[in-house]
Structures are given as C-alpha cells and as structure tokens.
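Dumped coords_24.txt below, it's compact mmCIF, C-alpha atoms:
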```
# COMPACT_ATOMS: atom_id res chain seq x y z
CA MET A 932 63.35 -1.37 -21.86
CA ARG A 933 61.86 0.26 -18.84
CA PRO A 934 58.72 -1.17 -17.21
CA PRO A 935 55.72 1.15 -17.48
CA ALA A 936 55.26 3.53 -14.57
CA PRO A 937 52.32 2.68 -12.30
CA LEU A 938 49.27 4.91 -12.83
CA SER A 939 48.08 6.77 -9.80
CA PRO A 940 45.37 9.38 -9.53
CA PRO A 941 46.37 12.94 -8.75
CA SER A 942 46.56 13.61 -5.04
CA GLY A 943 43.20 14.23 -3.36
CA LEU A 944 41.16 12.57 -6.12
CA LEU A 945 39.73 9.09 -6.06
CA LEU A 946 38.55 7.43 -9.22
CA LEU A 947 35.49 5.25 -8.65
CA LEU A 948 33.98 3.14 -11.40
CA VAL A 949 30.42 1.98 -10.85
CA PHE A 950 28.75 -0.55 -13.09
CA CYS A 951 24.96 -0.64 -12.98
CA PRO A 952 23.04 -3.68 -14.19
CA LEU A 953 20.67 -3.13 -17.05
CA VAL A 954 17.12 -2.87 -15.74
CA VAL A 955 14.49 -4.24 -18.04
CA VAL A 956 10.92 -3.15 -17.49
CA ALA A 957 8.32 -5.44 -18.99
CA GLN A 958 4.95 -3.94 -19.76
CA ALA A 959 2.01 -6.24 -19.24
CA SER A 960 -0.30 -6.78 -22.15
CA SER A 961 -3.89 -5.98 -21.46
CA SER A 962 -7.05 -6.82 -23.30
CA LYS A 963 -10.71 -6.02 -22.91
CA THR A 964 -13.21 -8.71 -22.03
CA GLU A 965 -16.73 -8.80 -23.45
CA SER A 966 -17.99 -7.01 -20.32
CA GLY A 967 -15.56 -4.13 -20.98
CA HIS A 968 -13.22 -4.88 -18.06
CA SER A 969 -9.49 -4.99 -18.60
CA THR A 970 -7.59 -8.18 -17.97
CA HIS A 971 -3.87 -7.88 -17.27
CA HIS A 972 -1.15 -10.41 -17.73
CA GLY A 973 2.13 -10.44 -15.81
CA ASP A 974 3.28 -8.91 -12.55
CA THR A 975 2.12 -5.37 -13.36
CA ASP A 976 -1.47 -6.07 -12.24
CA ARG A 977 -0.53 -5.83 -8.54
CA CYS A 978 -2.22 -3.30 -6.27
CA MET A 979 -0.92 0.16 -7.11
CA ARG A 980 -1.86 3.80 -7.62
CA HIS A 981 -3.04 4.82 -11.08
CA HIS A 982 -3.42 8.44 -12.17
CA PHE A 983 -6.14 9.84 -14.38
CA VAL A 984 -7.36 13.28 -15.36
CA GLU A 985 -10.95 14.43 -15.04
CA THR A 986 -13.09 17.57 -15.09
CA ILE A 987 -15.09 18.01 -11.87
CA THR A 988 -18.62 19.31 -12.41
CA HIS A 989 -21.59 20.33 -10.27
CA SER A 990 -24.73 19.82 -12.33
CA ILE A 991 -27.15 21.84 -10.16
CA TYR A 992 -25.05 25.02 -9.99
CA LYS A 993 -23.69 24.49 -13.53
CA CYS A 994 -20.06 24.60 -12.39
CA HIS A 995 -16.92 22.95 -13.76
CA SER A 996 -13.20 22.81 -13.09
CA ASN A 997 -10.20 22.67 -15.33
CA MET A 998 -8.65 19.23 -15.76
CA VAL A 999 -7.76 17.76 -12.33
CA LEU A 1000 -5.20 15.02 -11.64
CA LEU A 1001 -6.82 12.25 -9.56
CA ALA A 1002 -5.59 8.84 -8.42
CA ARG A 1003 -7.23 5.48 -7.76
CA CYS A 1004 -6.07 2.18 -6.26
CA GLU A 1005 -6.36 -0.71 -8.66
CA GLY A 1006 -4.95 -4.19 -9.03
CA HIS A 1007 -4.72 -7.59 -7.44
CA CYS A 1008 -3.50 -8.62 -4.02
CA SER A 1009 -1.37 -11.76 -3.88
CA HIS A 1010 -2.93 -13.00 -0.64
CA THR A 1011 -5.34 -15.92 -0.83
CA SER A 1012 -8.91 -15.40 0.37
CA ARG A 1013 -10.45 -18.07 2.54
CA SER A 1014 -13.37 -18.86 4.84
CA ASP A 1015 -13.00 -20.90 8.01
CA PRO A 1016 -15.95 -22.34 9.98
CA LEU A 1017 -16.53 -20.83 13.40
CA ILE A 1018 -17.14 -23.17 16.33
CA SER A 1019 -19.99 -22.24 18.64
CA PHE A 1020 -21.38 -23.74 21.83
CA SER A 1021 -24.77 -22.23 21.10
CA SER A 1022 -27.50 -23.57 18.82
CA VAL A 1023 -27.61 -20.22 16.99
CA LEU A 1024 -24.80 -19.29 14.65
CA LYS A 1025 -25.07 -15.63 13.68
CA GLN A 1026 -21.78 -15.80 11.78
CA PRO A 1027 -21.08 -19.39 10.70
CA PHE A 1028 -17.80 -18.51 8.94
CA LYS A 1029 -14.81 -16.24 9.39
CA SER A 1030 -13.75 -14.99 5.97
CA THR A 1031 -10.39 -13.45 5.24
CA CYS A 1032 -9.75 -11.52 2.07
CA PHE A 1033 -7.46 -8.70 1.01
CA CYS A 1034 -8.45 -5.69 -1.07
CA CYS A 1035 -6.47 -3.05 -2.93
CA ARG A 1036 -7.20 0.09 -0.90
CA PRO A 1037 -5.78 3.57 -0.31
CA HIS A 1038 -3.09 3.45 2.38
CA THR A 1039 -2.29 7.16 2.62
CA SER A 1040 -4.02 10.17 1.13
CA LYS A 1041 -4.28 13.91 1.56
CA LEU A 1042 -7.18 16.33 1.34
CA LYS A 1043 -7.16 18.56 -1.72
CA ALA A 1044 -9.47 21.30 -2.96
CA VAL A 1045 -10.26 22.68 -6.39
CA ARG A 1046 -12.20 25.82 -7.35
CA LEU A 1047 -15.03 25.37 -9.82
CA ARG A 1048 -16.21 28.17 -12.12
CA CYS A 1049 -19.98 28.49 -12.22
CA ALA A 1050 -22.49 30.12 -14.55
CA GLY A 1051 -22.85 33.78 -13.67
CA GLY A 1052 -19.22 34.11 -12.56
CA THR A 1053 -19.57 32.60 -9.07
CA ARG A 1054 -17.11 30.01 -7.75
CA ILE A 1055 -17.48 27.05 -5.41
CA THR A 1056 -14.87 24.75 -3.86
CA ALA A 1057 -14.92 20.97 -4.23
CA THR A 1058 -12.79 18.81 -1.91
CA TYR A 1059 -11.51 15.29 -2.49
CA ARG A 1060 -8.93 12.82 -1.17
CA TYR A 1061 -5.84 12.47 -3.34
CA ILE A 1062 -4.35 8.98 -2.93
CA LEU A 1063 -0.62 8.96 -2.16
CA ALA A 1064 -0.13 5.19 -1.77
CA CYS A 1065 -2.11 1.97 -2.13
CA ASN A 1066 -1.81 -1.25 -0.13
CA CYS A 1067 -3.39 -4.68 0.13
CA GLU A 1068 -5.40 -4.59 3.34
CA GLU A 1069 -7.87 -6.96 4.93
CA CYS A 1070 -11.38 -6.36 3.63
CA SER A 1071 -14.03 -5.39 6.14
```

What is this structure when it is put down as structure tokens?
Amino acid sequence: MRPPAPLSPPSGLLLLLVFCPLVVVAQASSSKTESGHSTHHGDTDRCMRHHFVETITHSIYKCHSNMVLLARCEGHCSHTSRSDPLISFSSVLKQPFKSTCFCCRPHTSKLKAVRLRCAGGTRITATYRYILACNCEECS
C-alpha cells in the first residue's frame, strides 16, 4: 500500500481558512413609565445617535416638506457626576461647589437644507444640523 500523496494547492494560489466567532447582539428591553418616558435595560442605553423621520412645517407660511431623516443624541453616560466644595479665602462664595457631570451630546454634525412647498406654489428653505456622531461630554 502506498501512503497518500501530500495535498498541495496549485501553484500561485494560497488557501486561507478564516473562522469568525459568532456575534450575538442582545436587544435591550424597554418599557414606558407612568410619565411616558422610556426606561432601558442593558448596555444598549449608552449615549448614541438615534434616527427618526419627521415632516418639517412652517405654520405661518403654510409650508411643509416631505419626510426628512433626522438624528438625535440619546442615552446614558457611564461617568459619575459629582460636586466638590470650592475653597475660598474670601467671605463671599459666589460658586460654593464645582460640579462635574457628563451629558450625551452631538460630537460632530453637518449643515443640511430641505426645500418646503408652500401654499400658492412658493418654496422656502429650512436648514438644520444633522448629527453624525454623539459623545459623552462634560456638561456646561
């Protein structure tokens, strides 16, 4: 019996096997509180951009747009807020504490415009900032 011949790829070709781990995405459950606000559970409530669609209107000129894709920053920042007392050598303390907190805010955005159709056939332009990325930044 002959031993099996070794397998080799044809010349100039390289066989590469890549194994990717299975990625599991968990969706957070959300529920409404009595005040109508959503409460999220899990890691998906972090600060991030959320898209929504809206019609832009101008009530005075009776104008409206088609549906427009907008974005907002929403979610929690993992940083802890705190207030430290300030030390003063004066009898008047205008600011007795230095507070540090982090807010979910737009980090980058771009200016966009949309044309609105008005009664009588005229058109006007509305401008807005479209959020590209959100970030936890120190509140002012």

Using all atoms listed in the file for the distances, tell me which of A:Thr1056, A:Ser1071, A:Ser1009, A:Ser1040 is nearest to Arg977 of chain A.
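Once distances to Arg977 of chain A are computed over all atoms listed in the file, the minimum belongs to A:Ser1009.
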
Could you check how far atom CA of Ala1050 of chain A sits from atom CA of Thr986 of chain A, in Å to one decimal?
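Pair atom CA of Ala1050 of chain A / atom CA of Thr986 of chain A returns 15.7 Å.
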
Would you mind reading off the distance between atom CA of Lys1041 of chain A and atom CA of Thr1058 of chain A, one decimal, in Å?
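Separation of atom CA of Lys1041 of chain A and atom CA of Thr1058 of chain A: 10.4 Å.
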
Just checking: using all atoms listed in the file, which residue out of A:Leu1042, A:Leu1024, A:Leu1047, A:Val984 ends up closest to Tyr1059 of chain A?
A:Leu1042

Please indicate the distance in Å from atom CA of Thr1011 of chain A to atom CA of Cys1065 of chain A, rounded to one decimal place.
18.2 Å

List as a list in words the residues having at least one atom at most 8 Å from position (1.2, 9.6, -5.5) as given in the file, counting only C-alpha atoms.
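Residues close enough to count: Arg980, Ala1002, Tyr1061, Ile1062, Leu1063 and Ala1064 of chain A.
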
Create the file for the chosen residues now, containing C-alpha atoms and written as a CSV table (one decimal), keeping the file's coordinate frame.
```csv
chain,number,residue,atom,x,y,z
A,980,ARG,CA,-1.9,3.8,-7.6
A,1002,ALA,CA,-5.6,8.8,-8.4
A,1061,TYR,CA,-5.8,12.5,-3.3
A,1062,ILE,CA,-4.4,9.0,-2.9
A,1063,LEU,CA,-0.6,9.0,-2.2
A,1064,ALA,CA,-0.1,5.2,-1.8
```

Neighbourhood query: residues within 9 Å of (-15.4, -19.0, 3.2), file coordinates, counting all atoms listed in the file; return as a PyMOL selection string.
chain A and resi 1012-1016+1028-1031

Would you mind listing what lies within 9 Å of Met979 of chain A as a VMD selection string, with only C-alpha atoms counted and same-chain residues fewer than 5 positions away left out?
chain A and resid 1003 to 1007 1035 to 1036 1064 to 1066

As AutoDock Vina command-line options, please report the centre and edge lengths, rounded to one decimal in Å, of the axis-aligned box that holds all listed atoms of segment 1002-1006 of chain A with 4 Å of padding on each of the six sides.
```
--center_x -6.1 --center_y 2.3 --center_z -7.6 --size_x 10.3 --size_y 21.0 --size_z 10.8
```

Write out as a list in words which residues come within 8 Å of Ile987 of chain A when counting only C-alpha atoms, dropping same-chain ones fewer than 3 positions away.
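So, after excluding close chain neighbours, the residues are His995, Ser996, Asn997, Met998, Val999 and Leu1047 of chain A.
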
Measuring between only C-alpha atoms, which one of A:Lys1043, A:His981, A:Lys993, A:His1010 shows the shortest distance to Glu1069 of chain A?
A:His1010

Neighbours of Gln1026 of chain A within 10 Å (all atoms listed in the file; same-chain residues fewer than 5 positions away dropped), as a list in words?
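Non-adjacent residues within range: Pro1016, Leu1017, Ile1018 and Ser1019 of chain A.
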
Please produce segment 1051-1062 of chain A, completed to all heavy atoms, as a tab-separated table (two decimals), in the frame of the given file.
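Wrote selection34.tsv, looks like this:
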```
chain	number	residue	atom	x	y	z
A	1051	GLY	N	-22.62	32.52	-14.36
A	1051	GLY	CA	-22.85	33.78	-13.67
A	1051	GLY	C	-21.60	34.32	-12.99
A	1051	GLY	O	-21.64	35.34	-12.31
A	1052	GLY	N	-20.47	33.62	-13.11
A	1052	GLY	CA	-19.22	34.11	-12.56
A	1052	GLY	C	-18.93	33.72	-11.12
A	1052	GLY	O	-17.87	34.05	-10.60
A	1053	THR	N	-19.84	33.01	-10.45
A	1053	THR	CA	-19.57	32.60	-9.07
A	1053	THR	C	-18.61	31.41	-9.07
A	1053	THR	O	-18.41	30.76	-10.10
A	1053	THR	CB	-20.87	32.21	-8.33
A	1053	THR	OG1	-21.49	31.13	-9.04
A	1053	THR	CG2	-21.82	33.38	-8.24
A	1054	ARG	N	-18.04	31.14	-7.91
A	1054	ARG	CA	-17.11	30.01	-7.75
A	1054	ARG	C	-17.48	29.23	-6.51
A	1054	ARG	O	-17.90	29.80	-5.52
A	1054	ARG	CB	-15.68	30.51	-7.63
A	1054	ARG	CG	-15.14	31.13	-8.90
A	1054	ARG	CD	-13.71	31.57	-8.71
A	1054	ARG	NE	-13.14	32.07	-9.94
A	1054	ARG	CZ	-12.32	31.37	-10.72
A	1054	ARG	NH1	-11.98	30.15	-10.38
A	1054	ARG	NH2	-11.85	31.87	-11.82
A	1055	ILE	N	-17.31	27.90	-6.59
A	1055	ILE	CA	-17.48	27.05	-5.41
A	1055	ILE	C	-16.25	26.15	-5.30
A	1055	ILE	O	-15.53	25.94	-6.28
A	1055	ILE	CB	-18.79	26.21	-5.43
A	1055	ILE	CG1	-18.79	25.23	-6.61
A	1055	ILE	CG2	-20.01	27.08	-5.44
A	1055	ILE	CD1	-19.94	24.24	-6.56
A	1056	THR	N	-16.02	25.61	-4.11
A	1056	THR	CA	-14.87	24.75	-3.86
A	1056	THR	C	-15.34	23.32	-3.69
A	1056	THR	O	-16.28	23.05	-2.95
A	1056	THR	CB	-14.12	25.20	-2.59
A	1056	THR	OG1	-13.70	26.55	-2.78
A	1056	THR	CG2	-12.91	24.34	-2.34
A	1057	ALA	N	-14.67	22.41	-4.39
A	1057	ALA	CA	-14.92	20.97	-4.23
A	1057	ALA	C	-13.69	20.37	-3.55
A	1057	ALA	O	-12.56	20.74	-3.87
A	1057	ALA	CB	-15.14	20.31	-5.59
A	1058	THR	N	-13.91	19.48	-2.60
A	1058	THR	CA	-12.79	18.81	-1.91
A	1058	THR	C	-12.81	17.32	-2.25
A	1058	THR	O	-13.86	16.75	-2.54
A	1058	THR	CB	-12.88	18.99	-0.38
A	1058	THR	OG1	-14.13	18.49	0.08
A	1058	THR	CG2	-12.74	20.45	0.00
A	1059	TYR	N	-11.64	16.72	-2.21
A	1059	TYR	CA	-11.51	15.29	-2.49
A	1059	TYR	C	-10.24	14.78	-1.83
A	1059	TYR	O	-9.36	15.55	-1.45
A	1059	TYR	CB	-11.52	15.01	-3.99
A	1059	TYR	CG	-10.36	15.62	-4.74
A	1059	TYR	CD1	-9.22	14.88	-5.03
A	1059	TYR	CD2	-10.41	16.94	-5.17
A	1059	TYR	CE1	-8.16	15.44	-5.70
A	1059	TYR	CE2	-9.35	17.52	-5.85
A	1059	TYR	CZ	-8.23	16.76	-6.12
A	1059	TYR	OH	-7.18	17.32	-6.78
A	1060	ARG	N	-10.13	13.46	-1.71
A	1060	ARG	CA	-8.93	12.82	-1.17
A	1060	ARG	C	-8.05	12.40	-2.33
A	1060	ARG	O	-8.49	11.67	-3.22
A	1060	ARG	CB	-9.28	11.58	-0.33
A	1060	ARG	CG	-10.16	11.80	0.88
A	1060	ARG	CD	-9.59	12.66	1.95
A	1060	ARG	NE	-8.33	12.19	2.50
A	1060	ARG	CZ	-7.75	12.73	3.56
A	1060	ARG	NH1	-8.30	13.73	4.20
A	1060	ARG	NH2	-6.60	12.28	3.99
A	1061	TYR	N	-6.81	12.86	-2.33
A	1061	TYR	CA	-5.84	12.47	-3.34
A	1061	TYR	C	-5.01	11.32	-2.76
A	1061	TYR	O	-4.38	11.45	-1.72
A	1061	TYR	CB	-4.94	13.65	-3.70
A	1061	TYR	CG	-3.91	13.30	-4.73
A	1061	TYR	CD1	-4.25	13.17	-6.07
A	1061	TYR	CD2	-2.59	13.08	-4.36
A	1061	TYR	CE1	-3.31	12.83	-7.02
A	1061	TYR	CE2	-1.64	12.74	-5.31
A	1061	TYR	CZ	-2.00	12.62	-6.62
A	1061	TYR	OH	-1.06	12.27	-7.56
A	1062	ILE	N	-5.02	10.19	-3.42
A	1062	ILE	CA	-4.35	8.98	-2.93
A	1062	ILE	C	-2.84	9.11	-3.16
A	1062	ILE	O	-2.40	9.36	-4.29
A	1062	ILE	CB	-4.91	7.73	-3.62
A	1062	ILE	CG1	-6.39	7.57	-3.28
A	1062	ILE	CG2	-4.11	6.49	-3.23
A	1062	ILE	CD1	-7.10	6.52	-4.10
```
